[in-house]
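The file protein-v6.pdb comes next; it holds PDB, C-alpha atoms.
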```pdb
ATOM      1  CA  MET M1408      87.986  91.714 118.674
ATOM      2  CA  ASN M1409      84.924  93.638 119.847
ATOM      3  CA  THR M1410      84.850  97.327 120.751
ATOM      4  CA  ALA M1411      84.836  96.697 124.521
ATOM      5  CA  ASP M1412      88.019  94.611 124.262
ATOM      6  CA  GLN M1413      89.656  97.276 122.093
ATOM      7  CA  TYR M1414      88.909  99.824 124.822
ATOM      8  CA  LEU M1415      90.236  97.530 127.566
ATOM      9  CA  LYS M1416      93.440  97.017 125.598
ATOM     10  CA  ALA M1417      93.800 100.780 125.109
ATOM     11  CA  ILE M1418      93.267 101.406 128.854
ATOM     12  CA  TYR M1419      95.906  98.776 129.651
ATOM     13  CA  LEU M1420      98.417 100.422 127.287
ATOM     14  CA  ALA M1421      97.556 103.939 128.494
ATOM     15  CA  GLN M1422      98.093 102.846 132.116
ATOM     16  CA  ARG M1423     101.533 101.571 131.128
ATOM     17  CA  ILE M1424     102.398 104.755 129.203
ATOM     18  CA  GLU M1425     101.170 107.059 131.973
ATOM     19  CA  GLU M1426     102.259 104.804 134.852
ATOM     20  CA  GLY M1427      98.888 105.412 136.455
ATOM     21  CA  PRO M1428      95.209 105.775 135.558
ATOM     22  CA  ALA M1429      94.438 106.149 131.838
ATOM     23  CA  SER M1430      93.344 109.703 131.040
ATOM     24  CA  THR M1431      90.458 110.390 128.690
ATOM     25  CA  GLY M1432      92.748 112.370 126.358
ATOM     26  CA  THR M1433      95.276 109.558 125.975
ATOM     27  CA  LEU M1434      92.515 107.029 125.341
ATOM     28  CA  ALA M1435      90.904 109.314 122.745
ATOM     29  CA  ASP M1436      94.280 109.588 120.960
ATOM     30  CA  LEU M1437      94.954 105.845 121.079
ATOM     31  CA  LEU M1438      91.461 104.923 119.899
ATOM     32  CA  GLU M1439      91.107 107.854 117.457
ATOM     33  CA  VAL M1440      87.681 108.753 118.854
ATOM     34  CA  SER M1441      86.259 111.788 120.667
ATOM     35  CA  PRO M1442      86.685 112.286 124.444
ATOM     36  CA  ALA M1443      82.880 112.112 124.735
ATOM     37  CA  SER M1444      82.897 108.630 123.159
ATOM     38  CA  VAL M1445      85.645 107.549 125.568
ATOM     39  CA  ASN M1446      83.683 108.776 128.591
ATOM     40  CA  GLU M1447      80.553 106.979 127.424
ATOM     41  CA  MET M1448      82.339 103.664 126.901
ATOM     42  CA  VAL M1449      84.364 103.914 130.119
ATOM     43  CA  GLY M1450      81.044 104.406 131.949
ATOM     44  CA  LYS M1451      79.699 101.202 130.378
ATOM     45  CA  LEU M1452      82.854  99.282 131.298
ATOM     46  CA  GLU M1453      82.575 100.617 134.850
ATOM     47  CA  ASP M1454      78.990  99.325 135.013
ATOM     48  CA  ARG M1455      80.330  95.907 134.013
ATOM     49  CA  GLU M1456      82.983  96.154 136.782
ATOM     50  CA  LEU M1457      85.820  95.914 134.279
ATOM     51  CA  VAL M1458      87.094  99.420 135.004
ATOM     52  CA  GLU M1459      87.188 101.817 137.954
ATOM     53  CA  HIS M1460      86.956 105.493 137.030
ATOM     54  CA  GLU M1461      88.090 108.346 139.220
ATOM     55  CA  LYS M1462      87.075 111.856 138.191
ATOM     56  CA  TYR M1463      89.984 114.066 137.000
ATOM     57  CA  LYS M1464      92.374 111.107 137.239
ATOM     58  CA  GLY M1465      91.218 108.502 134.776
ATOM     59  CA  ALA M1466      90.363 104.839 134.304
ATOM     60  CA  THR M1467      92.005 101.852 135.970
ATOM     61  CA  LEU M1468      91.349  98.232 135.051
ATOM     62  CA  THR M1469      89.888  95.897 137.666
ATOM     63  CA  ASP M1470      91.378  92.396 137.969
ATOM     64  CA  GLU M1471      88.757  91.045 135.563
ATOM     65  CA  GLY M1472      89.309  93.957 133.170
ATOM     66  CA  LEU M1473      93.059  93.393 133.339
ATOM     67  CA  GLU M1474      92.662  89.737 132.389
ATOM     68  CA  ARG M1475      90.493  90.613 129.386
ATOM     69  CA  ALA M1476      92.859  93.401 128.336
ATOM     70  CA  HIS M1477      95.779  90.990 128.565
ATOM     71  CA  ASN M1478      93.991  88.513 126.284
ATOM     72  CA  ALA M1479      93.042  91.278 123.838
ATOM     73  CA  LEU M1480      96.640  92.493 123.666
ATOM     74  CA  GLN M1481      97.806  88.943 123.065
ATOM     75  CA  THR M1482      95.356  88.657 120.159
ATOM     76  CA  TYR M1483      96.706  91.936 118.791
ATOM     77  CA  CYS M1484     100.299  90.676 119.135
ATOM     78  CA  ILE M1485      99.388  87.548 117.182
ATOM     79  CA  ILE M1486      97.904  89.684 114.377
ATOM     80  CA  GLU M1487     101.000  91.919 114.224
ATOM     81  CA  ARG M1488     103.400  88.983 114.292
ATOM     82  CA  PHE M1489     101.362  87.088 111.680
ATOM     83  CA  LEU M1490     101.297  90.109 109.356
ATOM     84  CA  THR M1491     105.043  90.576 109.746
ATOM     85  CA  ASN M1492     106.334  87.016 109.697
ATOM     86  CA  VAL M1493     103.857  85.245 107.416
ATOM     87  CA  LEU M1494     102.387  87.864 105.074
ATOM     88  CA  GLU M1495     105.565  89.997 105.199
ATOM     89  CA  VAL M1496     103.671  93.258 105.614
ATOM     90  CA  ASP M1497     105.971  96.240 106.236
ATOM     91  CA  GLU M1498     103.249  98.520 107.582
ATOM     92  CA  PHE M1499     102.084  95.879 110.031
ATOM     93  CA  ARG M1500     101.127  98.322 112.819
ATOM     94  CA  GLU M1501      98.730 100.315 110.651
ATOM     95  CA  GLU M1502      97.267  97.158 109.142
ATOM     96  CA  ALA M1503      96.895  95.395 112.492
ATOM     97  CA  ARG M1504      94.989  98.387 113.827
ATOM     98  CA  ALA M1505      92.720  98.298 110.774
ATOM     99  CA  LEU M1506      92.125  94.531 111.011
ATOM    100  CA  GLU M1507      91.794  93.904 114.739
ATOM    101  CA  SER M1508      88.056  94.641 114.829
ATOM    102  CA  VAL M1509      87.424  91.887 112.246
ATOM    103  CA  ILE M1510      89.725  89.201 113.703
ATOM    104  CA  ASP M1511      88.155  87.161 116.491
ATOM    105  CA  ASP M1512      90.363  85.711 119.239
ATOM    106  CA  THR M1513      89.572  82.143 118.106
ATOM    107  CA  VAL M1514      90.836  83.014 114.619
ATOM    108  CA  ALA M1515      93.960  84.555 116.138
ATOM    109  CA  GLU M1516      94.521  81.365 118.150
ATOM    110  CA  ARG M1517      94.560  79.351 114.914
ATOM    111  CA  LEU M1518      96.986  81.794 113.285
ATOM    112  CA  ASP M1519      99.088  81.417 116.433
ATOM    113  CA  THR M1520      99.701  77.752 115.533
ATOM    114  CA  ILE M1521     102.074  78.808 112.744
ATOM    115  CA  ILE M1522     103.954  81.700 114.326
ATOM    116  CA  ASP M1523     106.830  81.719 116.741
ATOM    117  CA  ARG M1524     105.735  83.932 119.647
ATOM    118  CA  PRO M1525     107.838  84.583 122.773
ATOM    119  CA  ALA M1526     106.642  82.916 125.994
ATOM    120  CA  GLN M1527     106.480  86.279 127.780
ATOM    121  CA  CYS M1528     103.950  87.656 125.239
ATOM    122  CA  PRO M1529     102.274  90.133 125.670
ATOM    123  CA  ASP M1530     104.450  91.550 128.473
ATOM    124  CA  CYS M1531     107.111  92.352 125.870
ATOM    125  CA  PHE M1532     104.697  94.692 124.053
ATOM    126  CA  ASP M1533     106.108  98.211 123.773
ATOM    127  CA  ALA M1534     103.082 100.428 124.424
ATOM    128  CA  GLU M1535     104.664 103.577 122.975
ATOM    129  CA  GLN M1536     105.987 101.912 119.811
ATOM    130  CA  ASP M1537     102.752  99.918 119.425
ATOM    131  CA  HIS M1538     104.460  96.604 118.755
ATOM    132  CA  CYS M1539     106.286  93.793 120.525
ATOM    133  CA  GLU M1540     109.790  94.933 121.412
ATOM    134  CA  LEU M1541     111.081  91.522 120.288
ATOM    135  CA  LEU M1542     109.408  91.753 116.875
ATOM    136  CA  GLU M1543     111.687  92.594 113.998
ATOM    137  CA  SER M1544     110.020  93.618 110.767
ATOM    138  CA  GLY M1545     112.735  91.814 108.806
ATOM    139  CA  ASP M1546     112.077  88.631 110.775
ATOM    140  CA  HIS M1547     110.241  86.956 107.909
ATOM    141  CA  ALA M1548     109.294  83.329 107.506
ATOM    142  CA  ASN M1549     111.722  82.722 104.671
TER     143      ASN M1549
ATOM    144  CA  MET Q1252      92.752 101.789 115.635
ATOM    145  CA  SER Q1253      89.596 100.942 113.769
ATOM    146  CA  LEU Q1254      86.517 100.682 115.972
ATOM    147  CA  GLY Q1255      83.470  98.999 114.484
ATOM    148  CA  GLN Q1256      83.534  95.918 112.332
ATOM    149  CA  ARG Q1257      83.807  96.981 108.683
ATOM    150  CA  VAL Q1258      86.059  96.540 105.667
ATOM    151  CA  SER Q1259      86.959  99.992 104.368
ATOM    152  CA  ASN Q1260      89.163  99.471 101.317
ATOM    153  CA  ASP Q1261      90.650  97.006  98.833
ATOM    154  CA  ARG Q1262      93.868  96.598 100.787
ATOM    155  CA  GLN Q1263      92.002  95.595 103.953
ATOM    156  CA  LEU Q1264      89.790  93.217 101.971
ATOM    157  CA  THR Q1265      92.806  91.676 100.267
ATOM    158  CA  ARG Q1266      94.558  91.158 103.578
ATOM    159  CA  LEU Q1267      91.490  89.451 105.074
ATOM    160  CA  LEU Q1268      91.135  87.167 102.051
ATOM    161  CA  GLN Q1269      94.841  86.316 102.343
ATOM    162  CA  ILE Q1270      94.249  85.420 106.001
ATOM    163  CA  GLY Q1271      91.353  83.210 104.829
ATOM    164  CA  VAL Q1272      93.707  81.409 102.445
ATOM    165  CA  VAL Q1273      96.216  80.830 105.254
ATOM    166  CA  LEU Q1274      93.481  79.473 107.539
ATOM    167  CA  GLU Q1275      92.465  77.021 104.801
ATOM    168  CA  GLU Q1276      96.098  76.025 104.281
ATOM    169  CA  VAL Q1277      96.476  75.431 108.021
ATOM    170  CA  VAL Q1278      93.412  73.143 107.972
ATOM    171  CA  GLU Q1279      94.758  71.254 104.954
ATOM    172  CA  SER Q1280      98.208  70.870 106.443
ATOM    173  CA  ARG Q1281      97.052  69.898 109.933
ATOM    174  CA  ALA Q1282      94.701  67.257 108.480
ATOM    175  CA  ALA Q1283      97.623  65.772 106.539
ATOM    176  CA  HIS Q1284      99.857  65.918 109.630
ATOM    177  CA  HIS Q1285      97.233  64.207 111.793
ATOM    178  CA  LEU Q1286      97.096  61.270 109.390
ATOM    179  CA  GLU Q1287     100.872  61.008 109.114
ATOM    180  CA  THR Q1288     101.942  61.465 112.705
ATOM    181  CA  LEU Q1289      99.504  59.508 114.827
ATOM    182  CA  PRO Q1290     101.318  56.644 116.610
ATOM    183  CA  SER Q1291     100.935  53.390 114.706
ATOM    184  CA  ASP Q1292      98.526  51.827 117.217
ATOM    185  CA  GLU Q1293      96.376  54.962 117.154
ATOM    186  CA  ARG Q1294      96.610  55.077 113.387
ATOM    187  CA  ASP Q1295      95.233  51.585 113.199
ATOM    188  CA  ALA Q1296      92.368  52.773 115.368
ATOM    189  CA  VAL Q1297      91.619  55.694 113.053
ATOM    190  CA  ASP Q1298      88.666  54.083 111.407
ATOM    191  CA  GLY Q1299      87.561  54.758 107.874
ATOM    192  CA  GLU Q1300      85.069  57.383 108.945
ATOM    193  CA  VAL Q1301      87.698  59.621 110.573
ATOM    194  CA  GLU Q1302      90.208  59.054 107.803
ATOM    195  CA  THR Q1303      87.599  60.006 105.206
ATOM    196  CA  LEU Q1304      86.742  63.091 107.256
ATOM    197  CA  LEU Q1305      90.367  64.260 107.248
ATOM    198  CA  VAL Q1306      90.850  63.578 103.538
ATOM    199  CA  ASP Q1307      87.604  65.388 102.697
ATOM    200  CA  ALA Q1308      88.538  68.315 104.960
ATOM    201  CA  ALA Q1309      91.874  68.721 103.188
ATOM    202  CA  GLU Q1310      90.178  68.591  99.770
ATOM    203  CA  GLU Q1311      87.512  71.067 100.808
ATOM    204  CA  SER Q1312      90.122  73.472 102.159
ATOM    205  CA  ALA Q1313      92.068  73.271  98.902
ATOM    206  CA  ASP Q1314      88.843  74.070  97.030
ATOM    207  CA  HIS Q1315      88.056  77.039  99.331
ATOM    208  CA  ARG Q1316      91.603  78.284  98.926
ATOM    209  CA  GLU Q1317      91.295  78.237  95.138
ATOM    210  CA  ARG Q1318      88.038  80.183  95.273
ATOM    211  CA  LEU Q1319      89.609  82.813  97.546
ATOM    212  CA  GLU Q1320      92.684  82.986  95.325
ATOM    213  CA  THR Q1321      90.499  83.840  92.331
ATOM    214  CA  LEU Q1322      89.150  86.849  94.247
ATOM    215  CA  ILE Q1323      92.648  87.845  95.380
ATOM    216  CA  ASP Q1324      93.886  87.628  91.769
ATOM    217  CA  ASP Q1325      91.201  90.124  90.796
ATOM    218  CA  LEU Q1326      92.497  92.433  93.537
ATOM    219  CA  GLU Q1327      95.946  92.076  91.909
ATOM    220  CA  ALA Q1328      97.566  90.579  94.990
ATOM    221  CA  GLU Q1329      99.325  87.333  95.808
ATOM    222  CA  THR Q1330      98.927  84.632  98.435
ATOM    223  CA  VAL Q1331     101.329  82.687 100.620
ATOM    224  CA  SER Q1332     102.026  79.289  99.059
ATOM    225  CA  TYR Q1333     100.748  76.086 100.642
ATOM    226  CA  GLU Q1334     104.305  74.766 100.859
ATOM    227  CA  GLU Q1335     105.350  77.746 102.973
ATOM    228  CA  ILE Q1336     102.410  77.369 105.368
ATOM    229  CA  ASN Q1337     102.978  73.614 105.522
ATOM    230  CA  THR Q1338     106.560  74.303 106.637
ATOM    231  CA  LEU Q1339     105.322  76.678 109.355
ATOM    232  CA  VAL Q1340     102.723  74.140 110.552
ATOM    233  CA  ASP Q1341     105.445  71.506 110.594
ATOM    234  CA  ALA Q1342     107.713  73.690 112.758
ATOM    235  CA  GLN Q1343     105.094  74.235 115.473
ATOM    236  CA  TYR Q1344     103.059  71.023 115.158
ATOM    237  CA  GLY Q1345     102.293  68.950 118.199
ATOM    238  CA  PRO Q1346     100.266  65.834 117.307
ATOM    239  CA  PRO Q1347      97.052  65.198 119.268
ATOM    240  CA  GLU Q1348      97.314  62.320 121.724
ATOM    241  CA  ASP Q1349      94.554  60.235 120.186
ATOM    242  CA  THR Q1350      91.662  60.123 117.720
ATOM    243  CA  ASP Q1351      89.453  62.247 119.983
ATOM    244  CA  GLY Q1352      92.168  64.898 119.943
ATOM    245  CA  VAL Q1353      92.238  64.775 116.139
ATOM    246  CA  LEU Q1354      88.478  65.225 115.999
ATOM    247  CA  TYR Q1355      88.570  68.063 118.507
ATOM    248  CA  ASP Q1356      91.229  69.842 116.440
ATOM    249  CA  GLN Q1357      89.198  69.334 113.279
ATOM    250  CA  LEU Q1358      86.114  70.760 114.980
ATOM    251  CA  ALA Q1359      88.144  73.804 116.079
ATOM    252  CA  ASN Q1360      89.324  74.218 112.465
ATOM    253  CA  GLU Q1361      85.795  74.208 111.084
ATOM    254  CA  GLU Q1362      84.344  76.444 113.808
ATOM    255  CA  THR Q1363      87.183  78.943 113.524
ATOM    256  CA  ALA Q1364      86.819  79.122 109.750
ATOM    257  CA  TYR Q1365      83.048  79.596 110.115
ATOM    258  CA  LYS Q1366      83.570  82.430 112.620
ATOM    259  CA  PHE Q1367      86.156  84.062 110.344
ATOM    260  CA  TYR Q1368      83.866  84.055 107.274
ATOM    261  CA  ASP Q1369      80.870  85.124 109.352
ATOM    262  CA  ASP Q1370      82.760  88.153 110.720
ATOM    263  CA  LEU Q1371      84.169  88.969 107.274
ATOM    264  CA  ILE Q1372      80.720  88.880 105.643
ATOM    265  CA  ALA Q1373      79.327  91.130 108.412
ATOM    266  CA  ALA Q1374      82.230  93.556 107.969
ATOM    267  CA  ILE Q1375      81.663  93.723 104.201
ATOM    268  CA  ASP Q1376      77.913  94.185 104.708
ATOM    269  CA  ALA Q1377      78.623  97.066 107.117
ATOM    270  CA  SER Q1378      80.742  98.849 104.498
ATOM    271  CA  GLU Q1379      79.554 100.903 101.538
ATOM    272  CA  THR Q1380      82.956 100.710  99.849
ATOM    273  CA  GLU Q1381      82.980  99.837  96.159
ATOM    274  CA  PHE Q1382      85.645  97.147  95.914
ATOM    275  CA  ALA Q1383      87.675  96.167  92.837
ATOM    276  CA  VAL Q1384      85.825  92.833  92.878
ATOM    277  CA  ASP Q1385      82.103  92.594  92.317
ATOM    278  CA  ARG Q1386      80.390  92.767  95.723
ATOM    279  CA  ASP Q1387      77.701  90.180  94.875
ATOM    280  CA  ARG Q1388      80.275  87.697  93.628
ATOM    281  CA  LEU Q1389      82.435  88.329  96.690
ATOM    282  CA  LEU Q1390      79.554  87.785  99.101
ATOM    283  CA  ASP Q1391      78.246  84.756  97.173
ATOM    284  CA  THR Q1392      81.654  83.098  97.373
ATOM    285  CA  LEU Q1393      82.125  83.838 101.075
ATOM    286  CA  THR Q1394      78.574  82.823 101.979
ATOM    287  CA  THR Q1395      78.946  79.487 100.182
ATOM    288  CA  ILE Q1396      82.253  78.786 101.918
ATOM    289  CA  ARG Q1397      80.771  79.764 105.298
ATOM    290  CA  GLU Q1398      77.889  77.328 104.745
ATOM    291  CA  GLU Q1399      80.314  74.526 103.921
ATOM    292  CA  GLU Q1400      82.307  75.264 107.093
ATOM    293  CA  LYS Q1401      79.071  75.031 109.090
ATOM    294  CA  GLU Q1402      78.243  71.696 107.500
ATOM    295  CA  GLY Q1403      81.787  70.530 108.212
ATOM    296  CA  ALA Q1404      81.468  71.414 111.912
ATOM    297  CA  GLU Q1405      78.138  69.563 112.079
ATOM    298  CA  GLU Q1406      79.707  66.515 110.448
ATOM    299  CA  VAL Q1407      82.550  66.401 112.990
ATOM    300  CA  THR Q1408      80.090  66.880 115.856
ATOM    301  CA  GLU Q1409      77.980  63.966 114.620
ATOM    302  CA  ILE Q1410      81.019  61.692 114.486
ATOM    303  CA  MET Q1411      82.091  62.787 117.969
ATOM    304  CA  GLU Q1412      78.602  62.104 119.331
ATOM    305  CA  ARG Q1413      78.522  58.638 117.741
ATOM    306  CA  ARG Q1414      81.895  57.794 119.277
ATOM    307  CA  ALA Q1415      80.991  59.092 122.764
TER     308      ALA Q1415
END
```

Written as C-alpha cells, that's how I'd like the structure from this file.
Amino acid sequence: MNTADQYLKAIYLAQRIEEGPASTGTLADLLEVSPASVNEMVGKLEDRELVEHEKYKGATLTDEGLERAHNALQTYCIIERFLTNVLEVDEFREEARALESVIDDTVAERLDTIIDRPAQCPDCFDAEQDHCELLESGDHAN
Amino acid sequence: MSLGQRVSNDRQLTRLLQIGVVLEEVVESRAAHHLETLPSDERDAVDGEVETLLVDAAEESADHRERLETLIDDLEAETVSYEEINTLVDAQYGPPEDTDGVLYDQLANEETAYKFYDDLIAAIDASETEFAVDRDRLLDTLTTIREEEKEGAEEVTEIMERRA
C-alpha cells in the first residue's frame, strides 16, 4: 500500500472517529508523523482532488478519495485477518501497521482467497480499536 | 503505522517471508485444484500444454517455498504447513469456468508473486538493518525467485496469446 493510500485510509478513520473533518493532530497521531508532514501530504491529495481541506476544520475525502480509502482499508483488514487467522499472530495490529506499506493490494487479494472475511468488510472496522469488530484474535484456522 | 517501504527488523522480515511461503502454497494448491475440479468435458479439453503448465507451476512453487523456508529456519521461525493452506484453499475455492479461467488465475498467481518479491526486495534495499540472515544470500534468493515468477508470467501470457 503506498503512502497516499495510507493517508487516505487514515483520513477515512479520523473522519469516523471525529464524526467530521479529520484534524491535522488526529492524522499526525494515527500516522505517527509530524503535523507539518500531514499538511504537506493533505495539500498533495487536495491537488489530486482526493481530499477537500478547510482551514481550522480539517480534511474531508471526496467521492474518489472515499473509494480509494475504502479499498485501502479493505486491504488492511485482509492483512490483519490473515495475520490473525492464518499466521496466528497475537500482536496483529502492530504487525499489520508495520507490514501494510510492503503489501500491495494485489497480494492482499490473493491472501483473501484463503481467509473468511465478512461481506460487510470494511464497514465493520472499529476505527478506535484499529481492527475489525468481528475479528477475534482466538479465531485461528485450526 | 509505518510510512515508507522498508523492512526494519528480523521479525518483519520473517513475517514477510512467511507470507511468501503462503503465497507459494496457494499457487501450488490452486494449480492442483484446477486440475482436479474442472468438469470432465473441460478437463478433456485441457490440452497437454496447459496441464504441463499447472504441474510445472506447482513444482516451481514447492521449490520456491523450500528456498524461503531455509531462510526462515535461519531466522529461527516456523512456517504454516502446506496441508493447512491446502485446507484453507479448499474451503474457499471456486473453480474457474473453463480453461481460459484457469490460465487467467495462473497469470494472476505469477504476477502477484512477482509484485510481492519486487516490493520485498525494494523494502530490503531501502533498509540498512543487519538481519540475522546474510543480506547478499537473502537478496540473491529473492531475486532469483522473482526472475522465475517473471518468466512464469511470460509463459502463461504466451499460451494465452496462442489460444486467442

Applying 9 Å and all atoms listed in the file, which residues near stretch 1438-1450 of chain M remain after dropping the ones on its own chain fewer than 5 positions away? List them as a list in words. Ala1411, Gln1413, Tyr1414, Ala1417, Thr1431, Gly1432, Thr1433, Arg1455, Val1458, Glu1459, His1460 and Ala1466 of chain M; Met1252, Ser1253 and Leu1254 of chain Q

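Closest to M:Leu1457 among M:Ala1476, M:Met1408, M:Val1493, M:Ala1534 is M:Ala1476, based on only C-alpha atoms.
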
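With only C-alpha atoms taken into account, the protein and nucleic acid residues at most 6 Å from stretch 1268-1274 of chain Q (excluding it and anything under 2 positions from it in its own chain) are Thr1265, Arg1266, Glu1276, Val1277, Arg1316 and Thr1330 of chain Q.
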
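Each of Q:Leu1390, Q:Ala1373, Q:Ala1404, Q:Leu1304 was compared to chain M using all atoms listed in the file, and Q:Ala1373 turns out to be the nearest.
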
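Note on the selection: in this file the PyMOL selection byres ((chain Q) within 8 of (chain M)) comes out as Q:Met1252, Q:Ser1253, Q:Leu1254, Q:Gly1255, Q:Gln1256, Q:Arg1257, Q:Gln1263, Q:Leu1267, Q:Leu1274, Q:Val1331, Q:Ile1336, Q:Leu1339, Q:Val1340, Q:Ala1342, Q:Gln1343, Q:Tyr1344, Q:Asn1360, Q:Thr1363, Q:Ala1364, Q:Lys1366, Q:Phe1367, Q:Asp1370, Q:Leu1371, Q:Ala1374.
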
Can you give me, as a PyMOL selection string, the residues this file yields under the PyMOL selection byres ((chain Q and resi 1400) around 8)? chain Q and resi 1361-1362+1364-1365+1396-1399+1401-1404

I need the chosen residues saved as a PDB file, in the frame of the given file, with C-alpha atoms.
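Contents of out-v7.pdb, as written:
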```
ATOM      1  CA  GLU Q1361      85.795  74.208 111.084  1.00  0.00           C
ATOM      2  CA  GLU Q1362      84.344  76.444 113.808  1.00  0.00           C
ATOM      3  CA  ALA Q1364      86.819  79.122 109.750  1.00  0.00           C
ATOM      4  CA  TYR Q1365      83.048  79.596 110.115  1.00  0.00           C
ATOM      5  CA  ILE Q1396      82.253  78.786 101.918  1.00  0.00           C
ATOM      6  CA  ARG Q1397      80.771  79.764 105.298  1.00  0.00           C
ATOM      7  CA  GLU Q1398      77.889  77.328 104.745  1.00  0.00           C
ATOM      8  CA  GLU Q1399      80.314  74.526 103.921  1.00  0.00           C
ATOM      9  CA  LYS Q1401      79.071  75.031 109.090  1.00  0.00           C
ATOM     10  CA  GLU Q1402      78.243  71.696 107.500  1.00  0.00           C
ATOM     11  CA  GLY Q1403      81.787  70.530 108.212  1.00  0.00           C
ATOM     12  CA  ALA Q1404      81.468  71.414 111.912  1.00  0.00           C
TER      13      ALA Q1404
END
```

Please rebuild stretch 1430-1446 of chain M with N, CA and C atoms and give the result as an mmCIF file, keeping the file's coordinate frame.
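Written file, result.cif:
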```
data_model
loop_
_atom_site.group_PDB
_atom_site.id
_atom_site.type_symbol
_atom_site.label_atom_id
_atom_site.label_comp_id
_atom_site.auth_asym_id
_atom_site.auth_seq_id
_atom_site.Cartn_x
_atom_site.Cartn_y
_atom_site.Cartn_z
ATOM 1 N N SER M 1430 94.130 108.477 131.196
ATOM 2 C CA SER M 1430 93.344 109.703 131.040
ATOM 3 C C SER M 1430 92.463 109.615 129.791
ATOM 4 N N THR M 1431 91.384 110.377 129.830
ATOM 5 C CA THR M 1431 90.458 110.390 128.690
ATOM 6 C C THR M 1431 91.179 110.835 127.410
ATOM 7 N N GLY M 1432 92.045 111.837 127.535
ATOM 8 C CA GLY M 1432 92.748 112.370 126.358
ATOM 9 C C GLY M 1432 93.630 111.324 125.701
ATOM 10 N N THR M 1433 94.390 110.595 126.531
ATOM 11 C CA THR M 1433 95.276 109.558 125.975
ATOM 12 C C THR M 1433 94.455 108.462 125.305
ATOM 13 N N LEU M 1434 93.361 108.072 125.935
ATOM 14 C CA LEU M 1434 92.515 107.029 125.341
ATOM 15 C C LEU M 1434 91.905 107.501 124.023
ATOM 16 N N ALA M 1435 91.479 108.776 123.989
ATOM 17 C CA ALA M 1435 90.904 109.314 122.745
ATOM 18 C C ALA M 1435 91.944 109.294 121.628
ATOM 19 N N ASP M 1436 93.203 109.612 121.970
ATOM 20 C CA ASP M 1436 94.280 109.588 120.960
ATOM 21 C C ASP M 1436 94.549 108.163 120.480
ATOM 22 N N LEU M 1437 94.644 107.238 121.447
ATOM 23 C CA LEU M 1437 94.954 105.845 121.079
ATOM 24 C C LEU M 1437 93.842 105.232 120.224
ATOM 25 N N LEU M 1438 92.601 105.548 120.574
ATOM 26 C CA LEU M 1438 91.461 104.923 119.899
ATOM 27 C C LEU M 1438 90.956 105.737 118.697
ATOM 28 N N GLU M 1439 91.509 106.962 118.559
ATOM 29 C CA GLU M 1439 91.107 107.854 117.457
ATOM 30 C C GLU M 1439 89.589 108.099 117.479
ATOM 31 N N VAL M 1440 89.102 108.404 118.681
ATOM 32 C CA VAL M 1440 87.681 108.753 118.854
ATOM 33 C C VAL M 1440 87.605 110.022 119.714
ATOM 34 N N SER M 1441 86.409 110.558 119.888
ATOM 35 C CA SER M 1441 86.259 111.788 120.667
ATOM 36 C C SER M 1441 86.303 111.487 122.171
ATOM 37 N N PRO M 1442 86.707 112.478 122.985
ATOM 38 C CA PRO M 1442 86.685 112.286 124.444
ATOM 39 C C PRO M 1442 85.287 111.904 124.946
ATOM 40 N N ALA M 1443 84.246 112.443 124.309
ATOM 41 C CA ALA M 1443 82.880 112.112 124.735
ATOM 42 C C ALA M 1443 82.605 110.616 124.537
ATOM 43 N N SER M 1444 83.075 110.071 123.413
ATOM 44 C CA SER M 1444 82.897 108.630 123.159
ATOM 45 C C SER M 1444 83.636 107.807 124.209
ATOM 46 N N VAL M 1445 84.856 108.267 124.552
ATOM 47 C CA VAL M 1445 85.645 107.549 125.568
ATOM 48 C C VAL M 1445 84.877 107.527 126.890
ATOM 49 N N ASN M 1446 84.388 108.699 127.301
ATOM 50 C CA ASN M 1446 83.683 108.776 128.591
ATOM 51 C C ASN M 1446 82.460 107.864 128.619
#
```
